[in-house]
Amino acid sequence: MLPIYIMEILSLYPTLKETIWGGRSLIDDYGFETDGDNAAEAWLLSCHKDGPSFVMNGEYEGKTLAQVIAEEGEGVLGTNNIGKPDFPVLIKLIDARDKLSVQVHPDDAYAREYENENGKTEAWYVLKCDEGASLIYGMKNSLSRDEFASAIENGTLLDDVNVVAVKPGDVVYIPSGMLHAIGEGILLAEVQQSSNSTYRVFDYNRRDKNGNLRELHIKKAVDVVDLSTVDVDFSATGDKKISGGAEKTYLTGCEYFRMTLVETKEGYEDSATDESFVSLLVLEGEGELRSDEQVIALKKGSSIFIPASFGKYSICGELSILETRT
Ligand code: ZN
């Protein structure tokens, strides 16, 4: 039998993004380096052209994740992703010192037609919040499209949305079409479709550092927004399960991704199957990832890409990890 070549496990470094609402936690607490005054977002698992992730270890060191996948072929993404037009997910840490714009994202059909990329369904796992932190989550009042457009124009839209208090551990699932905004004083991990299509409807009349208002995209937002009212429930979808030395809590998922919180006191074993690659984002703790050939140090903010079909790997240490599979 021919030996089956399997790409090694990748440790990734993010692109950092400065914005008018970003804080300094990702620089001061996570140790990411940037020339910017703040780091609003760290794109920790990204093949998106607007912010790639870079390999820090092994034979691919210095290449982008997208370059490695182009060289190795889509087999490393797993059978669930064969033939998809883009890399399926984009995983970020987001540090909102100030509030984000009220926004909505298109679905796949609309984004393919108007933006030439994926639509954007996303989910947040809340890591840290200031006392009294809240976010905007869907419609409180059911409006027609005309009423929605008028509410934007009249500056009364915030009267019609849900403003919901959040706490660490909350899980917030945001399908494309749902109006939303992260509030001030929130640090969270985000898993989303690989897409950068955002339609802003309200930006609190803020100006950027050059004194300009940021662009709004009201016509497109009116096209794609889902105006039905929503029930608010930020609890994890699944129960805790003990498996391979870890406590695993299924947080949320959809056709694009499945998010699991993995908590371990000493370590655990797991595997990457043929269906999907595995992304591990370390939320807390220190330790090591080990396979037959590799040892990779893990700390808060580490982002690991394990190719599909890799098979077994083990994790040592006391760690809290956000695991994403497609
Ligand atoms: Zn969003």
# chains A, B, ... in the order shown; residues from 1 in each chain; ligands from 1
$ residues_around --residues "Phe305 (chain A)" --least-positions-apart "4" --cutoff "8 Å" --atoms "only C-alpha atoms" --output "PyMOL selection string"
chain A and resi 9-12+45+277-280
$ closest_atom_pairs --of "chain A" --to "ligand 1" --cutoff "10 Å" --atoms "only C-alpha atoms and all ligand atoms" --output "tab-separated table"
residue	atom	partner	partner_atom_place_in_ligand_line	distance
A:Leu100	CA	ligand 1	1 (Zn)	9.0
A:Ser101	CA	ligand 1	1 (Zn)	9.0
A:Val102	CA	ligand 1	1 (Zn)	8.5
A:Gln103	CA	ligand 1	1 (Zn)	6.3
A:Val104	CA	ligand 1	1 (Zn)	6.3
A:His105	CA	ligand 1	1 (Zn)	6.5
A:Lys120	CA	ligand 1	1 (Zn)	7.9
A:Thr121	CA	ligand 1	1 (Zn)	8.2
A:Glu122	CA	ligand 1	1 (Zn)	6.9
A:Ala123	CA	ligand 1	1 (Zn)	8.8
A:Trp124	CA	ligand 1	1 (Zn)	9.6
A:Ile174	CA	ligand 1	1 (Zn)	7.8
A:Pro175	CA	ligand 1	1 (Zn)	9.5
A:Ser176	CA	ligand 1	1 (Zn)	8.8
A:Gly177	CA	ligand 1	1 (Zn)	9.9
A:Met178	CA	ligand 1	1 (Zn)	8.9
A:Leu179	CA	ligand 1	1 (Zn)	8.3
A:His180	CA	ligand 1	1 (Zn)	6.5
A:Ala181	CA	ligand 1	1 (Zn)	6.7
A:Ile182	CA	ligand 1	1 (Zn)	8.1
A:Glu190	CA	ligand 1	1 (Zn)	9.3
A:Gln192	CA	ligand 1	1 (Zn)	8.7
A:Asn196	CA	ligand 1	1 (Zn)	9.1
A:Ser197	CA	ligand 1	1 (Zn)	8.8
A:Thr198	CA	ligand 1	1 (Zn)	6.7
A:Tyr199	CA	ligand 1	1 (Zn)	8.8
A:Arg200	CA	ligand 1	1 (Zn)	9.4
$ closest_atom_pairs --of "region 112-137 of chain A" --to "region 160-171 of chain A" --cutoff "12 Å" --atoms "only C-alpha atoms" --output "Markdown table"
| residue | atom | partner | partner_atom | distance |
| --- | --- | --- | --- | --- |
| A:Glu122 | CA | A:Val171 | CA | 10.9 |
| A:Ala123 | CA | A:Val171 | CA | 7.2 |
| A:Trp124 | CA | A:Val171 | CA | 5.7 |
| A:Tyr125 | CA | A:Val171 | CA | 4.8 |
| A:Val126 | CA | A:Pro168 | CA | 4.9 |
| A:Leu127 | CA | A:Pro168 | CA | 4.9 |
| A:Lys128 | CA | A:Pro168 | CA | 5.2 |
| A:Cys129 | CA | A:Lys167 | CA | 6.2 |
| A:Asp130 | CA | A:Lys167 | CA | 8.6 |
| A:Glu131 | CA | A:Lys167 | CA | 8.6 |
| A:Gly132 | CA | A:Ala165 | CA | 6.7 |
| A:Ala133 | CA | A:Ala165 | CA | 5.9 |
| A:Ser134 | CA | A:Ala165 | CA | 4.1 |
| A:Leu135 | CA | A:Val164 | CA | 5.4 |
| A:Ile136 | CA | A:Val163 | CA | 4.7 |
| A:Tyr137 | CA | A:Asn162 | CA | 5.3 |
$ write_last_selection --atoms "N, CA and C atoms" --output "PDB file, in the first residue's frame"
ATOM      1  N   GLU A 122     -23.405  33.831  11.639  1.00  0.00           N
ATOM      2  CA  GLU A 122     -22.336  33.867  12.628  1.00  0.00           C
ATOM      3  C   GLU A 122     -22.846  33.464  14.002  1.00  0.00           C
ATOM      4  N   ALA A 123     -21.899  33.136  14.877  1.00  0.00           N
ATOM      5  CA  ALA A 123     -22.258  32.819  16.260  1.00  0.00           C
ATOM      6  C   ALA A 123     -21.165  33.320  17.185  1.00  0.00           C
ATOM      7  N   TRP A 124     -21.599  33.762  18.364  1.00  0.00           N
ATOM      8  CA  TRP A 124     -20.648  34.322  19.325  1.00  0.00           C
ATOM      9  C   TRP A 124     -20.640  33.489  20.602  1.00  0.00           C
ATOM     10  N   TYR A 125     -19.453  33.325  21.172  1.00  0.00           N
ATOM     11  CA  TYR A 125     -19.314  32.764  22.508  1.00  0.00           C
ATOM     12  C   TYR A 125     -18.708  33.868  23.369  1.00  0.00           C
ATOM     13  N   VAL A 126     -19.463  34.334  24.348  1.00  0.00           N
ATOM     14  CA  VAL A 126     -19.064  35.509  25.119  1.00  0.00           C
ATOM     15  C   VAL A 126     -18.026  35.106  26.169  1.00  0.00           C
ATOM     16  N   LEU A 127     -16.870  35.789  26.167  1.00  0.00           N
ATOM     17  CA  LEU A 127     -15.761  35.446  27.060  1.00  0.00           C
ATOM     18  C   LEU A 127     -15.692  36.355  28.276  1.00  0.00           C
ATOM     19  N   LYS A 128     -15.959  37.631  28.079  1.00  0.00           N
ATOM     20  CA  LYS A 128     -15.778  38.602  29.158  1.00  0.00           C
ATOM     21  C   LYS A 128     -16.698  39.783  28.894  1.00  0.00           C
ATOM     22  N   CYS A 129     -17.280  40.352  29.958  1.00  0.00           N
ATOM     23  CA  CYS A 129     -18.150  41.525  29.767  1.00  0.00           C
ATOM     24  C   CYS A 129     -17.964  42.494  30.909  1.00  0.00           C
ATOM     25  N   ASP A 130     -18.176  43.748  30.624  1.00  0.00           N
ATOM     26  CA  ASP A 130     -18.318  44.737  31.686  1.00  0.00           C
ATOM     27  C   ASP A 130     -19.685  44.545  32.344  1.00  0.00           C
ATOM     28  N   GLU A 131     -19.797  45.002  33.583  1.00  0.00           N
ATOM     29  CA  GLU A 131     -21.080  45.040  34.284  1.00  0.00           C
ATOM     30  C   GLU A 131     -22.104  45.795  33.412  1.00  0.00           C
ATOM     31  N   GLY A 132     -23.258  45.204  33.209  1.00  0.00           N
ATOM     32  CA  GLY A 132     -24.312  45.901  32.470  1.00  0.00           C
ATOM     33  C   GLY A 132     -24.176  45.830  30.955  1.00  0.00           C
ATOM     34  N   ALA A 133     -23.243  45.026  30.450  1.00  0.00           N
ATOM     35  CA  ALA A 133     -23.052  44.942  28.992  1.00  0.00           C
ATOM     36  C   ALA A 133     -24.283  44.327  28.318  1.00  0.00           C
ATOM     37  N   SER A 134     -24.550  44.782  27.107  1.00  0.00           N
ATOM     38  CA  SER A 134     -25.724  44.270  26.390  1.00  0.00           C
ATOM     39  C   SER A 134     -25.422  44.245  24.898  1.00  0.00           C
ATOM     40  N   LEU A 135     -26.282  43.553  24.179  1.00  0.00           N
ATOM     41  CA  LEU A 135     -26.149  43.582  22.726  1.00  0.00           C
ATOM     42  C   LEU A 135     -27.528  43.672  22.076  1.00  0.00           C
ATOM     43  N   ILE A 136     -27.509  43.982  20.796  1.00  0.00           N
ATOM     44  CA  ILE A 136     -28.750  44.098  20.029  1.00  0.00           C
ATOM     45  C   ILE A 136     -28.948  42.796  19.274  1.00  0.00           C
ATOM     46  N   TYR A 137     -30.149  42.220  19.410  1.00  0.00           N
ATOM     47  CA  TYR A 137     -30.406  40.876  18.865  1.00  0.00           C
ATOM     48  C   TYR A 137     -31.809  40.801  18.279  1.00  0.00           C
TER      49      TYR A 137
END
$ closest_residue --among "A:Val232, A:Ile315, A:Leu187, A:Leu157" --to "Ala297 (chain A)" --atoms "only C-alpha atoms"
A:Ile315
$ select_by_dssp --residues "region 103-213 of chain A" --states "helix (DSSP H, G or I)" --output "list in words"
Asp108, Ala109, Tyr110, Ala111, Arg112, Glu113, Tyr114, Arg145, Asp146, Glu147, Phe148, Ala149, Ser150, Ala151, Ile152, Glu153, Asn154, Leu157, Leu158, Asp159 and Asp160 of chain A
$ write_last_selection --atoms "N, CA, C and O atoms" --output "tab-separated table (two decimals), in the first residue's frame"
chain	number	residue	atom	x	y	z
A	108	ASP	N	-26.47	33.40	1.52
A	108	ASP	CA	-25.58	32.97	0.43
A	108	ASP	C	-26.07	33.46	-0.93
A	108	ASP	O	-25.27	33.95	-1.74
A	109	ALA	N	-27.36	33.34	-1.20
A	109	ALA	CA	-27.88	33.68	-2.53
A	109	ALA	C	-27.65	35.16	-2.83
A	109	ALA	O	-27.14	35.53	-3.90
A	110	TYR	N	-27.98	36.02	-1.87
A	110	TYR	CA	-27.83	37.47	-2.07
A	110	TYR	C	-26.34	37.85	-2.16
A	110	TYR	O	-25.93	38.62	-3.04
A	111	ALA	N	-25.52	37.29	-1.27
A	111	ALA	CA	-24.09	37.64	-1.25
A	111	ALA	C	-23.38	37.15	-2.51
A	111	ALA	O	-22.51	37.84	-3.04
A	112	ARG	N	-23.77	35.98	-3.01
A	112	ARG	CA	-23.16	35.48	-4.26
A	112	ARG	C	-23.50	36.43	-5.41
A	112	ARG	O	-22.68	36.71	-6.26
A	113	GLU	N	-24.75	36.92	-5.42
A	113	GLU	CA	-25.17	37.79	-6.52
A	113	GLU	C	-24.54	39.19	-6.44
A	113	GLU	O	-24.09	39.73	-7.44
A	114	TYR	N	-24.50	39.77	-5.23
A	114	TYR	CA	-24.09	41.18	-5.13
A	114	TYR	C	-22.69	41.39	-4.59
A	114	TYR	O	-22.11	42.46	-4.78
A	145	ARG	N	-41.18	46.37	5.59
A	145	ARG	CA	-39.91	46.88	5.05
A	145	ARG	C	-39.93	48.42	4.98
A	145	ARG	O	-38.92	49.06	5.25
A	146	ASP	N	-41.08	48.99	4.62
A	146	ASP	CA	-41.19	50.45	4.57
A	146	ASP	C	-41.02	51.06	5.96
A	146	ASP	O	-40.35	52.08	6.14
A	147	GLU	N	-41.66	50.44	6.95
A	147	GLU	CA	-41.54	50.96	8.33
A	147	GLU	C	-40.10	50.85	8.83
A	147	GLU	O	-39.60	51.73	9.53
A	148	PHE	N	-39.42	49.75	8.45
A	148	PHE	CA	-38.02	49.57	8.82
A	148	PHE	C	-37.16	50.68	8.22
A	148	PHE	O	-36.35	51.31	8.92
A	149	ALA	N	-37.37	50.95	6.93
A	149	ALA	CA	-36.61	52.02	6.25
A	149	ALA	C	-36.89	53.38	6.89
A	149	ALA	O	-35.97	54.18	7.11
A	150	SER	N	-38.16	53.64	7.25
A	150	SER	CA	-38.50	54.92	7.90
A	150	SER	C	-37.86	55.02	9.28
A	150	SER	O	-37.39	56.09	9.67
A	151	ALA	N	-37.85	53.90	10.02
A	151	ALA	CA	-37.25	53.93	11.36
A	151	ALA	C	-35.76	54.25	11.28
A	151	ALA	O	-35.22	54.96	12.14
A	152	ILE	N	-35.07	53.77	10.22
A	152	ILE	CA	-33.65	54.11	10.04
A	152	ILE	C	-33.53	55.61	9.75
A	152	ILE	O	-32.74	56.31	10.37
A	153	GLU	N	-34.37	56.07	8.83
A	153	GLU	CA	-34.31	57.47	8.41
A	153	GLU	C	-34.62	58.42	9.58
A	153	GLU	O	-33.97	59.44	9.76
A	154	ASN	N	-35.61	58.05	10.40
A	154	ASN	CA	-36.03	58.92	11.51
A	154	ASN	C	-35.16	58.77	12.75
A	154	ASN	O	-35.38	59.44	13.76
A	157	LEU	N	-34.88	53.52	15.08
A	157	LEU	CA	-34.79	52.06	14.95
A	157	LEU	C	-34.53	51.35	16.28
A	157	LEU	O	-35.04	50.25	16.52
A	158	LEU	N	-33.73	51.98	17.16
A	158	LEU	CA	-33.37	51.30	18.41
A	158	LEU	C	-34.59	51.02	19.29
A	158	LEU	O	-34.55	50.15	20.16
A	159	ASP	N	-35.71	51.73	19.06
A	159	ASP	CA	-36.94	51.45	19.80
A	159	ASP	C	-37.56	50.11	19.40
A	159	ASP	O	-38.40	49.56	20.11
A	160	ASP	N	-37.18	49.60	18.23
A	160	ASP	CA	-37.83	48.41	17.68
A	160	ASP	C	-37.01	47.14	17.77
A	160	ASP	O	-37.39	46.09	17.25
$ atom_distance --atom1 "CA of Gly183 (chain A)" --atom2 "CA of Lys99 (chain A)"
4.3 Å
$ residues_around --residues "Gly287 (chain A)" --least-positions-apart "4" --cutoff "10 Å" --atoms "only C-alpha atoms" --output "ChimeraX atom specification"
/A:266-267,282,296-300,315-319
$ write_last_selection --atoms "all heavy atoms" --output "tab-separated table (two decimals), in the first residue's frame"
chain	number	residue	atom	x	y	z
A	266	GLU	N	-6.52	17.86	32.76
A	266	GLU	CA	-5.17	17.34	32.53
A	266	GLU	C	-4.88	17.08	31.06
A	266	GLU	O	-3.73	17.04	30.65
A	266	GLU	CB	-4.98	16.03	33.30
A	266	GLU	CG	-4.84	16.30	34.79
A	266	GLU	CD	-4.83	15.03	35.62
A	266	GLU	OE1	-4.94	13.93	35.04
A	266	GLU	OE2	-4.72	15.16	36.84
A	267	GLY	N	-5.93	16.90	30.29
A	267	GLY	CA	-5.73	16.64	28.87
A	267	GLY	C	-6.78	15.70	28.33
A	267	GLY	O	-7.60	15.17	29.09
A	282	VAL	N	-7.68	28.35	21.76
A	282	VAL	CA	-7.50	28.25	23.21
A	282	VAL	C	-8.06	29.52	23.86
A	282	VAL	O	-7.64	30.63	23.55
A	282	VAL	CB	-6.01	28.06	23.58
A	282	VAL	CG1	-5.84	28.03	25.09
A	282	VAL	CG2	-5.48	26.78	22.95
A	296	ILE	N	3.17	21.03	19.89
A	296	ILE	CA	2.91	22.46	19.70
A	296	ILE	C	2.46	23.04	21.04
A	296	ILE	O	1.52	22.54	21.66
A	296	ILE	CB	1.81	22.67	18.63
A	296	ILE	CG1	2.28	22.13	17.27
A	296	ILE	CG2	1.43	24.14	18.53
A	296	ILE	CD1	1.21	22.15	16.19
A	297	ALA	N	3.14	24.11	21.47
A	297	ALA	CA	2.77	24.76	22.73
A	297	ALA	C	1.44	25.50	22.56
A	297	ALA	O	1.18	26.10	21.51
A	297	ALA	CB	3.86	25.74	23.14
A	298	LEU	N	0.59	25.43	23.60
A	298	LEU	CA	-0.71	26.10	23.57
A	298	LEU	C	-0.80	27.12	24.69
A	298	LEU	O	-0.38	26.84	25.82
A	298	LEU	CB	-1.84	25.08	23.77
A	298	LEU	CG	-1.93	23.94	22.76
A	298	LEU	CD1	-3.04	22.97	23.17
A	298	LEU	CD2	-2.18	24.47	21.35
A	299	LYS	N	-1.31	28.29	24.37
A	299	LYS	CA	-1.64	29.27	25.40
A	299	LYS	C	-2.88	30.04	24.95
A	299	LYS	O	-3.35	29.85	23.82
A	299	LYS	CB	-0.45	30.20	25.66
A	299	LYS	CG	-0.03	31.06	24.46
A	299	LYS	CD	1.13	31.90	24.91
A	299	LYS	CE	1.71	32.88	24.00
A	299	LYS	NZ	1.58	33.39	22.82
A	300	LYS	N	-3.38	30.88	25.85
A	300	LYS	CA	-4.56	31.69	25.53
A	300	LYS	C	-4.37	32.40	24.19
A	300	LYS	O	-3.37	33.09	23.99
A	300	LYS	CB	-4.71	32.72	26.66
A	300	LYS	CG	-5.99	33.45	26.69
A	300	LYS	CD	-6.15	34.09	28.05
A	300	LYS	CE	-6.17	35.60	27.93
A	300	LYS	NZ	-6.62	36.26	29.15
A	315	ILE	N	-4.11	16.40	23.71
A	315	ILE	CA	-3.91	17.71	24.32
A	315	ILE	C	-3.54	17.46	25.78
A	315	ILE	O	-4.18	16.64	26.44
A	315	ILE	CB	-5.23	18.52	24.29
A	315	ILE	CG1	-5.77	18.67	22.86
A	315	ILE	CG2	-5.08	19.86	25.00
A	315	ILE	CD1	-5.13	19.71	22.01
A	316	CYS	N	-2.50	18.14	26.25
A	316	CYS	CA	-2.11	18.03	27.66
A	316	CYS	C	-2.23	19.41	28.29
A	316	CYS	O	-1.90	20.41	27.66
A	316	CYS	CB	-0.65	17.60	27.80
A	316	CYS	SG	-0.25	16.21	26.79
A	317	GLY	N	-2.64	19.43	29.55
A	317	GLY	CA	-2.72	20.69	30.29
A	317	GLY	C	-4.13	20.97	30.75
A	317	GLY	O	-5.07	20.23	30.43
A	318	GLU	N	-4.26	22.04	31.55
A	318	GLU	CA	-5.57	22.48	32.00
A	318	GLU	C	-5.99	23.60	31.06
A	318	GLU	O	-5.39	24.69	31.08
A	318	GLU	CB	-5.51	22.97	33.45
A	318	GLU	CG	-6.88	23.39	33.97
A	318	GLU	CD	-6.88	23.68	35.47
A	318	GLU	OE1	-5.83	23.52	36.13
A	318	GLU	OE2	-7.95	24.08	35.97
A	319	LEU	N	-7.00	23.33	30.26
A	319	LEU	CA	-7.32	24.24	29.16
A	319	LEU	C	-8.82	24.34	28.94
A	319	LEU	O	-9.58	23.41	29.21
A	319	LEU	CB	-6.69	23.72	27.86
A	319	LEU	CG	-5.16	23.74	27.78
A	319	LEU	CD1	-4.67	22.58	26.96
A	319	LEU	CD2	-4.69	25.04	27.19
$ residues_around --residues "Glu269 (chain A)" --least-positions-apart "2" --cutoff "9 Å" --atoms "only C-alpha atoms" --output "MDAnalysis selection string"
chainID A and resid 243:246 267 271 312:316
$ write_last_selection --atoms "all heavy atoms" --output "compact mmCIF listing (two decimals), in the first residue's frame"
# COMPACT_ATOMS: atom_id res chain seq x y z
N SER A 243 -15.90 13.06 27.61
CA SER A 243 -15.42 12.25 26.49
C SER A 243 -13.91 12.37 26.37
O SER A 243 -13.38 13.47 26.25
CB SER A 243 -16.12 12.75 25.21
OG SER A 243 -15.41 12.36 24.08
N GLY A 244 -13.20 11.25 26.43
CA GLY A 244 -11.74 11.21 26.21
C GLY A 244 -10.94 12.06 27.18
O GLY A 244 -9.88 12.54 26.81
N GLY A 245 -11.45 12.31 28.39
CA GLY A 245 -10.71 13.11 29.37
C GLY A 245 -11.12 14.57 29.40
O GLY A 245 -10.53 15.37 30.11
N ALA A 246 -12.13 14.93 28.61
CA ALA A 246 -12.58 16.32 28.57
C ALA A 246 -14.08 16.40 28.79
O ALA A 246 -14.82 15.44 28.57
CB ALA A 246 -12.24 16.94 27.23
N GLY A 267 -5.93 16.90 30.29
CA GLY A 267 -5.73 16.64 28.87
C GLY A 267 -6.78 15.70 28.33
O GLY A 267 -7.60 15.17 29.09
N SER A 271 -9.72 13.12 17.63
CA SER A 271 -9.21 12.86 16.28
C SER A 271 -9.90 13.74 15.25
O SER A 271 -11.03 14.20 15.46
CB SER A 271 -9.36 11.39 15.93
OG SER A 271 -10.71 11.04 15.91
N LYS A 312 -5.58 10.72 15.13
CA LYS A 312 -5.51 11.06 16.55
C LYS A 312 -4.54 12.19 16.88
O LYS A 312 -3.47 12.27 16.31
CB LYS A 312 -5.04 9.82 17.32
CG LYS A 312 -6.17 8.92 17.74
CD LYS A 312 -5.68 7.93 18.77
CE LYS A 312 -6.72 6.82 18.91
NZ LYS A 312 -6.12 5.56 19.31
N TYR A 313 -4.95 12.99 17.85
CA TYR A 313 -4.05 13.95 18.47
C TYR A 313 -4.39 13.99 19.94
O TYR A 313 -5.48 13.58 20.35
CB TYR A 313 -4.18 15.34 17.83
CG TYR A 313 -5.57 15.94 17.91
CD1 TYR A 313 -5.97 16.70 19.00
CD2 TYR A 313 -6.50 15.71 16.89
CE1 TYR A 313 -7.25 17.25 19.07
CE2 TYR A 313 -7.78 16.24 16.96
CZ TYR A 313 -8.15 17.02 18.04
OH TYR A 313 -9.41 17.54 18.12
N SER A 314 -3.45 14.47 20.75
CA SER A 314 -3.77 14.60 22.17
C SER A 314 -3.38 15.99 22.67
O SER A 314 -2.49 16.65 22.14
CB SER A 314 -3.10 13.50 23.00
OG SER A 314 -1.72 13.54 22.81
N ILE A 315 -4.11 16.40 23.71
CA ILE A 315 -3.91 17.71 24.32
C ILE A 315 -3.54 17.46 25.78
O ILE A 315 -4.18 16.64 26.44
CB ILE A 315 -5.23 18.52 24.29
CG1 ILE A 315 -5.77 18.67 22.86
CG2 ILE A 315 -5.08 19.86 25.00
CD1 ILE A 315 -5.13 19.71 22.01
N CYS A 316 -2.50 18.14 26.25
CA CYS A 316 -2.11 18.03 27.66
C CYS A 316 -2.23 19.41 28.29
O CYS A 316 -1.90 20.41 27.66
CB CYS A 316 -0.65 17.60 27.80
SG CYS A 316 -0.25 16.21 26.79
$ atom_distance --atom1 "CA of Ile94 (chain A)" --atom2 "CA of Cys254 (chain A)"
21.0 Å
$ select_by_dssp --residues "region 137-297 of chain A" --states "strand (DSSP E)" --output "VMD selection string"
chain A and resid 137 to 139 161 to 165 171 to 174 180 to 181 186 to 193 199 to 202 240 to 243 246 to 253 258 to 264 267 to 272 278 to 290 295 to 297
$ residues_around --residues "Asp35 (chain A)" --least-positions-apart "6" --cutoff "12 Å" --atoms "only C-alpha atoms" --output "number ranges by chain"
A: 15-18, 24, 27
$ residues_around --residues "region 81-93 of chain A" --least-positions-apart "4" --cutoff "6 Å" --atoms "only C-alpha atoms" --output "ChimeraX atom specification"
/A:41-46,77,188-194
$ atom_distance --atom1 "CA of Pro307 (chain A)" --atom2 "CA of Glu72 (chain A)"
10.3 Å
$ closest_residue --among "A:Lys49, A:Lys140, A:Arg206, A:Arg325" --to "Thr19 (chain A)" --atoms "only C-alpha atoms"
A:Arg206
$ closest_residue --among "A:Thr252, A:Glu117, A:Leu143, A:Tyr173" --to "Asp239 (chain A)" --atoms "only C-alpha atoms"
A:Thr252
$ decode --residues "region 133-147 of chain A" --atoms "C-alpha atoms" --output "short mmCIF file (atom, residue, chain, number, x, y, z; two decimals), in the first residue's frame"
data_model
loop_
_atom_site.label_atom_id
_atom_site.label_comp_id
_atom_site.auth_asym_id
_atom_site.auth_seq_id
_atom_site.Cartn_x
_atom_site.Cartn_y
_atom_site.Cartn_z
CA ALA A 133 -23.05 44.94 28.99
CA SER A 134 -25.72 44.27 26.39
CA LEU A 135 -26.15 43.58 22.73
CA ILE A 136 -28.75 44.10 20.03
CA TYR A 137 -30.41 40.88 18.86
CA GLY A 138 -33.19 40.87 16.29
CA MET A 139 -36.49 42.71 16.13
CA LYS A 140 -38.66 43.43 19.17
CA ASN A 141 -41.45 44.94 17.08
CA SER A 142 -42.57 43.47 13.79
CA LEU A 143 -42.17 46.11 11.07
CA SER A 144 -42.89 46.16 7.35
CA ARG A 145 -39.91 46.88 5.05
CA ASP A 146 -41.19 50.45 4.57
CA GLU A 147 -41.54 50.96 8.33
#
